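Colleague: Quick one: the structure is below, questions incoming.
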Amino acid sequence: MYISTSFWYCVFFTLAVMGSWGCGSLKTTSADRTRDAENSLAQGDTSRAIKLLQRNVDAPDATVNDFATLGWLYRSRGSITARQSSQRILELGLMHNPDDPVILTELGKTYYAQTFYGDAERCFSRVLELDGDHCEAEYYLGLNAYRKWKHVQTYDHHLFTTLTHMRSVMRCDPEKTDAYFMFAFSSYILGDTAQCISTCDRYLEHHPPAANILFLRGTIAYEHADYESAWDYFTDGLNILDDDDRQSYLDIGLLIFGDEKQMYDWASKDEKKDLCRVYWVQNDPDPTTPVNERLLEHLYRTYLAEVLFAMPRLDIRGWDAERGKAVIKFGQPTDIRSTLDSRDFADGRTEIWSYLSAPGGRGFILYFRDEYLNGNYTIPMDYAYSVAGQTLYKDPPVTETTPDIALVPGAIDVFAFRESSIESKVYVAFTVDPDSLAYHLVPWQPEAYYVRTAFYDSDGRPQTFHADTLDGNALPIPPRSRTSYSLVRSFDLPFHSYTVAFCLEDNEANTQALFWSETNTVKYLSSDLTLSDILLWHTPPDTDTWPIIARPDGYFVPNPSRKYRHGEDLRLYLEVYNLGLSARRSSYEITYSVFEARRPANPWVRIGRGIKWLLQMDTSPNPVMSQTFARTSDGYEASEQLAIDIESLKPGEYVLSVEVNDQTSGDVASVSKSFTKISDRQD
């Protein structure tokens, strides 16, 4: 077969080009490949960089940088095989370059990543012998010493070693947050709180806030009973965390049980947030202080659980470890005893936690076993130790925030009036039993009281706190002739829906009266007919010594207990806003009605009411008394004072309803309040 000359020319030209490429490739030097690898890394192509550097380290002219970079690249992949490749490359580099600090440093990091801690320590120690100011070697030696202490939490000399190395790291690398934390926490464990505080404050002064530093600072404040500072530190730290970690600190899964626990476990993420918020509001032992003491205790315990028992290598957070759960639920144990005695357990290290002086006098013991000696202590599965598991997961939590004080009986009532177009006047009136108050006071104590009022929005977020101290002259022990002792406080507040908490406490915190109530002043934003809250008042015999509420149309002694005796009139005061005018006058009707308070009905009664509703039959209750009055006013506002004769009412609970019908605009508004008619024998 004949082949043309042009074909052979094409073949020879192609071979020549391929040969030139091959020759060029053979002529590429290690320096060229190193440069290409650096460019690949700059572009994020680590695979090509590894291939280029692998060819370099196989060549006789490989440099220290080639070995170190390739070892780092393999290690950064994170897999076991990659770390083994990193170790092989770096050990080869060390064989070619004995005692080179760069290769020793990278090899030490690879050993540490593989948990070959002894080999890593020898590498970093050798680096410090060669270069006494090597910052990374100082850091890893300090980190390893801290790890040794944390594994058993017994040998303090590891903490002193941590302090030595981390002090050097803070000087040579001031931006390393871990160094500050480990130095401060080691100082805290060793009892040097002054050094811990100064380290935390120095970091916070020169660096952006870090959650672990803020939490540690809050821990010290908490242990020194500086609860307001502790609260500030912990809340600032929570605000830095991501949503998942923040929710872990607020989680209540360990604190509830039974149906509540089942509902919580099945709840969605957003539902759990709402349940946690409600739980912490309801379990605030004193809502009139800026600090939620129970939540603060929980944050303190959760932080200790995280910092003491987290195991990053096993991907276990401190609050998921069983020892951490015990700290969160019960606090720190009275005593911890460690043993490796096989007579007690088949194998593994064991810790025995004793809670011998738990609040309420309930003592118990928890057993934890580190079966695989990896730091993960769990409650043994043996049947003999099932009680410990039941205690951890089934028993109620133990808290030290439950006030061990005498609670004085009393009552609270809240009245809100429109003061201006942007503000309301809120009165908080309370009364306590004077005999109980006097009984619990120690005679030689000065008669001083702390009076606190707190306002929360509908989501349980605190809006404002008011607190002061009243001495014996301002709040004396009530005379024996008085059946109750009362106090009234007034506040100018923006329009909002408020939950109000009020507390009266003696200066030694031995006696406390704590009350809750609610008021809604948002209604005053409306331009429609609006009624104020009903102020129930009375006329005690010694009126001059009782606190009063001053309104434009009179002075009133509130009756916060809302209890009325035989022969006593039901007196009320309210204000009417936004009346319609006709010829510069307003005309309206006011109707008061008194109903018996409805008690929870049995299921058959509820079914009967439902049938009546379906048949469109009237199911509204009939008032036991009712009366209507016609009124006129010269402006858009009016006030009403009524004295209702309730002599005919039997002792029991009632609801007073007041309705105003504006004859000009046709608007209707109503408001109600409960009260109790008591017999002469009732207190």
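For the structure tokens, the naming scheme is as follows: chains receive sequential letters (A, B, ...) according to their order of presentation, residues are indexed from 1 within each chain, and ligands are indexed from 1 in presentation order.
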Fewer than 4 positions away in the same chain doesn't count, so skip those; otherwise give me all residues within 12 Å of A:Leu308, counting only C-alpha atoms, as a ChimeraX atom specification.
Modeller: /A:146-147,149-153,182,185-186,189,216,301-304,312,316-325,327-328,332,375-376
Colleague: With N, CA, C and O atoms kept, could you save the residues just selected as a compact mmCIF listing (two decimals), in the first residue's frame?
Modeller:
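Result file part00.txt:
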```txt
# COMPACT_ATOMS: atom_id res chain seq x y z
N TYR A 146 -1.92 19.79 80.12
CA TYR A 146 -3.32 20.04 80.49
C TYR A 146 -4.18 18.81 80.21
O TYR A 146 -5.06 18.45 80.99
N ARG A 147 -3.88 18.13 79.09
CA ARG A 147 -4.61 16.90 78.75
C ARG A 147 -4.37 15.83 79.80
O ARG A 147 -5.30 15.12 80.21
N TRP A 149 -3.65 16.24 82.96
CA TRP A 149 -4.40 16.54 84.18
C TRP A 149 -5.88 16.24 83.99
O TRP A 149 -6.53 15.64 84.85
N LYS A 150 -6.43 16.64 82.86
CA LYS A 150 -7.86 16.51 82.64
C LYS A 150 -8.29 15.04 82.58
O LYS A 150 -9.41 14.70 82.95
N HIS A 151 -7.41 14.17 82.15
CA HIS A 151 -7.75 12.75 82.01
C HIS A 151 -8.11 12.13 83.35
O HIS A 151 -9.05 11.34 83.46
N VAL A 152 -7.35 12.48 84.38
CA VAL A 152 -7.59 11.91 85.71
C VAL A 152 -8.02 12.97 86.72
O VAL A 152 -8.70 12.68 87.69
N GLN A 153 -7.60 14.24 86.48
CA GLN A 153 -7.93 15.37 87.35
C GLN A 153 -7.46 15.15 88.78
O GLN A 153 -8.20 15.41 89.73
N MET A 182 -6.35 28.10 79.16
CA MET A 182 -5.72 27.01 79.92
C MET A 182 -4.89 27.56 81.08
O MET A 182 -4.85 26.95 82.16
N PHE A 185 -7.59 28.74 83.65
CA PHE A 185 -8.31 27.63 84.28
C PHE A 185 -7.39 26.81 85.19
O PHE A 185 -7.81 26.35 86.25
N SER A 186 -6.15 26.64 84.79
CA SER A 186 -5.19 25.94 85.66
C SER A 186 -5.00 26.72 86.96
O SER A 186 -4.93 26.13 88.04
N ILE A 189 -8.10 26.02 89.13
CA ILE A 189 -8.09 24.71 89.77
C ILE A 189 -7.08 24.67 90.92
O ILE A 189 -7.32 24.05 91.96
N LEU A 216 -15.68 31.40 82.55
CA LEU A 216 -14.75 31.19 83.66
C LEU A 216 -14.80 32.36 84.64
O LEU A 216 -14.79 32.18 85.86
N ARG A 301 -23.27 25.14 86.58
CA ARG A 301 -23.03 23.69 86.59
C ARG A 301 -22.76 23.16 85.18
O ARG A 301 -21.90 22.30 84.98
N THR A 302 -23.51 23.66 84.20
CA THR A 302 -23.32 23.19 82.83
C THR A 302 -21.94 23.56 82.31
O THR A 302 -21.29 22.77 81.62
N TYR A 303 -21.46 24.74 82.66
CA TYR A 303 -20.12 25.14 82.23
C TYR A 303 -19.06 24.23 82.86
O TYR A 303 -18.13 23.79 82.19
N LEU A 304 -19.21 23.96 84.16
CA LEU A 304 -18.25 23.05 84.80
C LEU A 304 -18.28 21.67 84.15
O LEU A 304 -17.24 21.04 83.95
N PRO A 312 -13.19 15.97 73.32
CA PRO A 312 -13.23 16.25 71.88
C PRO A 312 -12.78 15.07 71.03
O PRO A 312 -13.31 14.85 69.93
N ILE A 316 -17.50 13.93 72.40
CA ILE A 316 -18.48 13.93 73.49
C ILE A 316 -18.41 15.28 74.19
O ILE A 316 -17.34 15.67 74.68
N ARG A 317 -19.51 16.01 74.23
CA ARG A 317 -19.56 17.26 74.96
C ARG A 317 -19.73 16.98 76.44
O ARG A 317 -20.22 15.92 76.86
N GLY A 318 -19.33 17.93 77.26
CA GLY A 318 -19.37 17.73 78.70
C GLY A 318 -20.76 17.46 79.23
O GLY A 318 -20.95 16.66 80.16
N TRP A 319 -21.78 18.11 78.65
CA TRP A 319 -23.14 17.89 79.13
C TRP A 319 -23.74 16.57 78.66
O TRP A 319 -24.81 16.18 79.12
N ASP A 320 -23.06 15.90 77.73
CA ASP A 320 -23.50 14.57 77.30
C ASP A 320 -22.79 13.45 78.06
O ASP A 320 -23.26 12.31 78.06
N ALA A 321 -21.65 13.75 78.68
CA ALA A 321 -20.94 12.76 79.49
C ALA A 321 -21.74 12.51 80.77
O ALA A 321 -22.36 13.42 81.32
N GLU A 322 -21.71 11.29 81.27
CA GLU A 322 -22.56 10.97 82.42
C GLU A 322 -22.09 11.67 83.69
O GLU A 322 -22.91 12.05 84.53
N ARG A 323 -20.78 11.87 83.84
CA ARG A 323 -20.33 12.65 84.99
C ARG A 323 -20.79 14.10 84.86
O ARG A 323 -21.14 14.75 85.85
N GLY A 324 -20.78 14.63 83.63
CA GLY A 324 -21.27 15.98 83.41
C GLY A 324 -22.75 16.10 83.72
O GLY A 324 -23.21 17.10 84.30
N LYS A 325 -23.52 15.08 83.35
CA LYS A 325 -24.95 15.09 83.66
C LYS A 325 -25.17 15.11 85.17
O LYS A 325 -26.10 15.78 85.66
N VAL A 327 -23.20 16.44 87.44
CA VAL A 327 -22.89 17.79 87.94
C VAL A 327 -24.05 18.74 87.63
O VAL A 327 -24.44 19.56 88.46
N ILE A 328 -24.60 18.66 86.41
CA ILE A 328 -25.70 19.54 86.03
C ILE A 328 -26.92 19.30 86.91
O ILE A 328 -27.59 20.24 87.34
N GLN A 332 -21.79 19.57 92.36
CA GLN A 332 -20.53 18.85 92.59
C GLN A 332 -20.67 17.93 93.81
O GLN A 332 -21.30 18.29 94.80
N GLY A 375 -11.02 7.93 79.22
CA GLY A 375 -11.56 9.12 79.83
C GLY A 375 -13.07 9.20 79.84
O GLY A 375 -13.64 10.12 80.44
N ASN A 376 -13.75 8.24 79.21
CA ASN A 376 -15.21 8.27 79.14
C ASN A 376 -15.78 7.41 80.26
O ASN A 376 -15.97 6.21 80.12
```
Colleague: If you run DSSP on the backbone, which residues of stretch 77-254 of chain A are alpha helix (DSSP H), as JSON, numbers by chain?
Modeller: {"A": [80, 81, 82, 83, 84, 85, 86, 87, 88, 89, 90, 91, 92, 93, 94, 95, 96, 101, 102, 103, 104, 105, 106, 107, 108, 109, 110, 111, 112, 113, 117, 118, 119, 120, 121, 122, 123, 124, 125, 126, 127, 128, 129, 130, 135, 136, 137, 138, 139, 140, 141, 142, 143, 144, 145, 146, 147, 148, 149, 150, 151, 152, 157, 158, 159, 160, 161, 162, 163, 164, 165, 166, 167, 168, 169, 170, 171, 172, 177, 178, 179, 180, 181, 182, 183, 184, 185, 186, 187, 188, 189, 193, 194, 195, 196, 197, 198, 199, 200, 201, 202, 203, 204, 205, 206, 211, 212, 213, 214, 215, 216, 217, 218, 219, 220, 221, 222, 223, 227, 228, 229, 230, 231, 232, 233, 234, 235, 236, 237, 238, 239, 240, 243, 244, 245, 246, 247, 248, 249, 250]}
Colleague: Quick one: everything within 10 Å of A:Leu241, counting only C-alpha atoms, minus sequence neighbours fewer than 6 positions away in the same chain. Send it as a list in words.
Modeller: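 Here the qualifying residues turn out to be Ala210, Ala211, Asn212, Gln247 and Tyr249 of chain A.
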Colleague: Let me make sure I understand: among A:Thr110, A:Thr164, A:Thr235, A:Thr431, which one has the smallest atom-to-atom distance to A:Leu514 if we use only C-alpha atoms?
Modeller: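 When distances to A:Leu514 are compared using only C-alpha atoms, the smallest one comes from A:Thr431.
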